[in-house]
Number of protein chains: 2
Amino acid sequence: MAAPYVSRPTPPYYAVIITTEPSGIDPQGYAEMSRRMSELGVAQPGYLGRESLTAGDGGDLTVLYYADAESIAAWKGDLEHLEAQRLGRERWYARYRVEVARVERTYAFDRDPSGHAS
Amino acid sequence: MAAPYVSRPTPPYYAVIITTEPSGIDPQGYAEMSRRMSELGVAQPGYLGRESLTAGDGGDLTVLYYADAESIAAWKGDLEHLEAQRLGRERWYARYRVEVARVERTYAFDRDPSGHAS
């Protein structure tokens, strides 16, 4: 299920779009590494929220939101501390792509702005 | 399952991040409207590709990619031609959010650049 529907600030803010395709090797190790990377992302100053879905085959589409580009640079620095795991990541991933994007405009509709997701 | 893994041009290019939560009313009508909106998006000049996943509860997270902001403006114009369906969309959607973002940087890994998704 998608993450809870969280409001976002007025643009500009930043989105990190992460598309992954696991190799299928060692799915437990993959899940643990993925969880740690996600925890690092959520702990960064400037973190605003996330949207994330997992396909049946384990592929993920995740969007993490940040207030500014500096927060993302800090997170990327933390991820590089995980570079010792590079070979492990190459073991776990068939492919991944990370796209850093500046959100310029938003359009939204909420049937019940005061309510919670049904 | 995620869309096929398609290469993307060198940044900058644009991403439209669409997060939807259906109301649960008339799921067939929702699916048909969603399909038509998606077709409009894919048919726009400048369309580069998409990533899309659907949660078990029907919520969607979709990212559509375009070469430039003008392509997105044209698509938004087409969507406004669907404005006669506004009440219908409010019937089908509990919530939605559309974020237009300029992709500034990308990082990618591909274990087998010549191959296809396994």
# chains A, B, ... in the order shown; residues from 1 in each chain; ligands from 1
$ interface_residues --of "chain A" --to "chain B" --cutoff "6 Å" --atoms "only C-alpha atoms" --output "MDAnalysis selection string"
chainID A and resid 1 55 94:111
$ select_by_dssp --residues "chain A" --states "strand (DSSP E)" --output "number ranges by chain"
A: 13-22, 47-54, 60-66, 93-110
$ atom_distance --atom1 "CA of Ser71 (chain B)" --atom2 "CA of Thr10 (chain B)"
17.1 Å
$ atom_distance --atom1 "CA of Arg50 (chain B)" --atom2 "CA of Leu64 (chain B)"
4.4 Å
$ residues_around --residues "Tyr66 (chain A)" --least-positions-apart "5" --cutoff "6 Å" --atoms "only C-alpha atoms" --output "list in words"
Tyr14, Gly46, Tyr47 and Leu48 of chain A
$ atom_distance --atom1 "CA of Met37 (chain B)" --atom2 "CA of Ala67 (chain A)"
29.8 Å
